[in-house]
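Peer 1: Okay, so here is my_file01.txt, and as you'll see once you scroll down, it has compact mmCIF, C-alpha atoms.
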```
# COMPACT_ATOMS: atom_id res chain seq x y z
CA MET A 1 0.00 0.00 0.00
CA LYS A 2 1.36 3.40 -0.98
CA ARG A 3 1.68 5.88 1.88
CA VAL A 4 0.44 9.39 1.07
CA PRO A 5 2.17 12.30 2.83
CA MET A 6 -0.06 14.71 4.74
CA THR A 7 0.47 17.54 7.17
CA VAL A 8 -1.01 17.53 10.67
CA SER A 9 -3.54 20.24 9.73
CA GLY A 10 -4.51 18.32 6.57
CA GLU A 11 -5.23 15.17 8.54
CA LYS A 12 -7.23 17.15 11.09
CA ALA A 13 -9.34 18.76 8.34
CA LEU A 14 -10.14 15.35 6.81
CA ARG A 15 -11.07 13.93 10.23
CA VAL A 16 -13.36 16.91 10.95
CA GLU A 17 -15.08 16.46 7.58
CA LEU A 18 -15.46 12.70 8.17
CA ASP A 19 -16.94 13.31 11.60
CA ARG A 20 -19.40 15.87 10.18
CA LEU A 21 -20.48 13.49 7.43
CA LYS A 22 -21.03 10.62 9.86
CA SER A 23 -22.62 12.52 12.75
CA LYS A 24 -24.67 15.22 10.99
CA ASP A 25 -25.07 14.76 7.24
CA ARG A 26 -25.72 11.00 7.19
CA PRO A 27 -28.50 11.09 9.87
CA ARG A 28 -30.06 14.17 8.20
CA VAL A 29 -30.29 12.51 4.79
CA ILE A 30 -31.69 9.30 6.34
CA ALA A 31 -34.41 11.42 7.96
CA ASP A 32 -35.05 13.15 4.60
CA ILE A 33 -35.49 9.75 2.92
CA ALA A 34 -37.93 8.62 5.62
CA THR A 35 -39.93 11.84 5.25
CA ALA A 36 -40.02 11.50 1.46
CA ARG A 37 -41.19 7.86 1.74
CA GLU A 38 -44.17 9.00 3.75
CA HIS A 39 -45.37 11.05 0.77
CA GLY A 40 -46.35 7.91 -1.12
CA ASP A 41 -45.43 6.72 -4.64
CA LEU A 42 -41.64 6.56 -4.84
CA LYS A 43 -41.50 6.43 -8.66
CA GLU A 44 -42.60 10.04 -9.04
CA ASN A 45 -41.27 11.38 -5.75
CA ALA A 46 -38.54 13.92 -6.57
CA GLU A 47 -37.70 14.54 -2.90
CA TYR A 48 -37.03 10.82 -2.40
CA HIS A 49 -34.78 10.57 -5.46
CA ALA A 50 -32.85 13.72 -4.48
CA ALA A 51 -32.32 12.43 -0.94
CA ARG A 52 -31.16 9.03 -2.23
CA GLU A 53 -28.73 10.70 -4.60
CA GLN A 54 -27.37 12.85 -1.78
CA GLN A 55 -27.03 9.74 0.37
CA GLY A 56 -24.92 8.15 -2.38
CA PHE A 57 -22.62 11.18 -2.48
CA ILE A 58 -22.24 11.19 1.31
CA GLU A 59 -21.48 7.46 1.51
CA GLY A 60 -18.98 7.76 -1.34
CA ARG A 61 -17.19 10.66 0.34
CA ILE A 62 -17.09 8.78 3.66
CA GLN A 63 -15.42 5.81 1.95
CA GLU A 64 -12.98 8.11 0.15
CA LEU A 65 -11.99 9.91 3.38
CA GLU A 66 -11.59 6.66 5.34
CA SER A 67 -9.37 5.29 2.57
CA LYS A 68 -7.21 8.44 2.47
CA LEU A 69 -6.83 8.51 6.24
CA SER A 70 -5.85 4.86 6.35
CA GLN A 71 -3.12 5.44 3.73
CA CYS A 72 -1.76 8.76 4.99
CA GLN A 73 1.60 9.32 6.60
CA VAL A 74 1.31 12.38 8.83
CA ILE A 75 4.41 14.57 8.85
CA ASP A 76 4.74 17.17 11.61
CA VAL A 77 7.27 19.68 10.29
CA THR A 78 7.49 21.49 13.63
CA THR A 79 9.36 18.49 15.09
CA ILE A 80 12.02 18.51 12.36
CA PRO A 81 15.15 20.57 13.12
CA HIS A 82 15.59 23.61 10.86
CA SER A 83 18.18 22.97 8.17
CA GLY A 84 17.24 25.56 5.56
CA LYS A 85 16.29 22.78 3.14
CA VAL A 86 12.95 22.61 1.35
CA PHE A 87 10.96 19.45 2.00
CA PHE A 88 7.36 18.31 2.34
CA GLY A 89 5.41 20.51 4.77
CA ALA A 90 7.88 23.40 4.75
CA THR A 91 6.74 26.96 4.12
CA VAL A 92 8.92 28.60 1.49
CA LEU A 93 9.33 32.26 0.54
CA ILE A 94 10.53 32.54 -3.06
CA ALA A 95 11.38 35.57 -5.18
CA ASN A 96 11.03 35.79 -8.95
CA ILE A 97 14.51 36.68 -10.23
CA ASP A 98 13.20 38.82 -13.13
CA SER A 99 10.41 40.78 -11.42
CA GLY A 100 11.48 40.59 -7.78
CA ASP A 101 7.96 39.54 -6.76
CA GLU A 102 7.91 37.40 -3.63
CA VAL A 103 5.39 34.69 -2.84
CA ARG A 104 5.09 32.30 0.10
CA TYR A 105 3.91 28.70 -0.33
CA GLN A 106 3.49 25.73 1.96
CA ILE A 107 4.23 22.40 0.28
CA VAL A 108 1.43 19.98 1.18
CA GLY A 109 -0.21 16.77 -0.01
CA ASP A 110 -2.52 16.61 -3.03
CA ASP A 111 -5.68 16.61 -0.89
CA GLU A 112 -4.63 19.71 1.03
CA ALA A 113 -3.50 21.85 -1.91
CA ASP A 114 -5.36 25.17 -2.22
CA ILE A 115 -3.67 27.99 -4.09
CA LYS A 116 -5.99 30.54 -2.44
CA LEU A 117 -4.47 29.55 0.91
CA SER A 118 -0.94 29.47 -0.60
CA LYS A 119 -0.74 25.69 -0.25
CA ILE A 120 0.72 23.88 -3.24
CA SER A 121 0.81 20.17 -3.95
CA VAL A 122 4.08 18.34 -3.47
CA ASN A 123 3.52 17.06 -7.03
CA SER A 124 3.18 20.54 -8.60
CA PRO A 125 5.97 21.76 -10.90
CA ILE A 126 6.94 24.54 -8.48
CA ALA A 127 7.15 22.20 -5.48
CA ARG A 128 9.13 19.61 -7.45
CA ALA A 129 11.60 22.32 -8.45
CA LEU A 130 11.97 23.51 -4.84
CA ILE A 131 12.26 20.21 -2.95
CA GLY A 132 15.81 19.46 -1.88
CA LYS A 133 17.05 23.01 -2.45
CA GLU A 134 18.27 25.33 0.32
CA GLU A 135 17.86 28.97 1.27
CA GLY A 136 19.76 31.12 -1.23
CA ASP A 137 19.56 28.56 -4.05
CA ILE A 138 18.14 29.52 -7.44
CA THR A 139 15.82 27.09 -9.20
CA CYS A 140 14.16 27.08 -12.59
CA VAL A 141 10.46 26.21 -12.98
CA ALA A 142 9.04 25.19 -16.35
CA THR A 143 5.70 26.93 -16.96
CA PRO A 144 3.47 27.16 -20.04
CA GLY A 145 4.74 30.73 -20.50
CA GLY A 146 8.37 29.66 -20.39
CA GLU A 147 10.93 28.98 -17.69
CA ILE A 148 10.94 31.18 -14.59
CA GLU A 149 13.83 31.44 -12.17
CA TYR A 150 13.15 31.74 -8.45
CA GLU A 151 15.46 32.35 -5.53
CA ILE A 152 14.63 30.61 -2.27
CA VAL A 153 14.59 33.46 0.25
CA GLU A 154 13.41 31.67 3.38
CA VAL A 155 12.37 28.21 4.58
CA LYS A 156 10.21 27.83 7.69
CA HIS A 157 8.84 24.86 9.59
CA ILE A 158 5.43 26.14 10.71
```
Would you mind writing the file's structure down as structure tokens?
Peer 2:
Amino acid sequence: MKRVPMTVSGEKALRVELDRLKSKDRPRVIADIATAREHGDLKENAEYHAAREQQGFIEGRIQELESKLSQCQVIDVTTIPHSGKVFFGATVLIANIDSGDEVRYQIVGDDEADIKLSKISVNSPIARALIGKEEGDITCVATPGGEIEYEIVEVKHI
């Protein structure tokens, strides 16, 4: 079985979602199905079919989350001594060599990635270019618009 890396906060978020699905959403949709059944003929009962479809989505997501949590390897970056190297879970400040623009990213697992929160997947081109490098190193990232050079300004374990 392949172990999937995940940060502590990523695992917590998945566990919170799983708990919500099991304790709130699942019982609610079961009650909705029971209510819709009381309305009679199930063939033409749109409420019943909508509730059953929602139940299918909830059960599928529960299975998906349980599978991901059983395969995850939680990495707590705060326990790793600071070395200045970029690795999974590290927060990296990089500067575009040409424009001087700086951006901060945390390198996380695929399920946690959210560019709006500045979290990039460990499998993204930027993260792959950064992993293994150290503060002060310059790395080149292949993008659809051409290659961009970045300098690693700072690496944090937060």
Peer 1: Calculated over all atoms listed in the file, which of the candidates A:Gly84, A:Lys68, A:Glu149, A:Glu11 has the smallest distance to Asn96 of chain A?
Peer 2: A:Glu149
Peer 1: Could you give me the axis-aligned bounding box of segment 97-104 of chain A, with 4 Å of padding per side, as centre plus edge lengths in Å to one decimal, as AutoDock Vina command-line options?
Peer 2:
```
--center_x 9.8 --center_y 36.5 --center_z -6.5 --size_x 17.4 --size_y 16.5 --size_z 21.2
```
Peer 1: What does the distance from atom CA of Val86 of chain A to atom CA of Ile138 of chain A come to in Å, to one decimal?
Peer 2: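 Interatomic distance, atom CA of Val86 of chain A to atom CA of Ile138 of chain A: 12.3 Å.
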Peer 1: Calculated over only C-alpha atoms, which of the candidates A:Gln73, A:Ser83, A:Asn123, A:Ser67 has the smallest distance to Gly10 of chain A?
Peer 2: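 Distance minimum relative to Gly10 of chain A lands on A:Gln73.
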Peer 1: At a cut-off of 6 Å around the point (0.9, 23.7, -8.1) (file coordinates), what residues fall inside when counting only C-alpha atoms? I'd like the answer as a list of chain:residue names.
Peer 2: A:Ile120, A:Ser121, A:Ser124
Peer 1: So which one's closest to Gly89 of chain A, A:Glu154, A:Asp110, A:Glu17, A:Asp76? Using all atoms listed in the file, please.
Peer 2: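 Once distances to Gly89 of chain A are computed over all atoms listed in the file, the minimum belongs to A:Asp76.
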Peer 1: So that I can check the surroundings of segment 45-62 of chain A, please list as number ranges by chain every protein, DNA and RNA residue that reaches within 9 Å of it, counting only C-alpha atoms and ignoring chain neighbours fewer than 3 positions away.
Peer 2: A: 17-18, 21-22, 25-26, 29-30, 32-37, 39-42, 65-67
Peer 1: Go ahead and compute the interatomic distance for atom CA of Val77 of chain A and atom CA of Lys119 of chain A, in Å to one decimal.
Peer 2: 14.5 Å
Peer 1: Write out as a list of chain:residue names which residues come within 9 Å of Val92 of chain A when counting only C-alpha atoms, dropping same-chain ones fewer than 4 positions away.
Peer 2: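 Neighbouring residues, sequence-local ones excluded: A:Val86, A:Val103, A:Arg104, A:Tyr105, A:Gln106, A:Ile107, A:Leu130, A:Glu135, A:Ile152, A:Val153, A:Glu154, A:Val155, A:Lys156, A:His157.
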Peer 1: My list of candidates is A:Ala129, A:Ile148, A:Ile115, A:Ile75. Which is closest to Asp101 of chain A when distances are computed with all atoms listed in the file?
Peer 2: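 Checking each of A:Ala129, A:Ile148, A:Ile115, A:Ile75 against Asp101 of chain A, counting all atoms listed in the file, the winner is A:Ile148.
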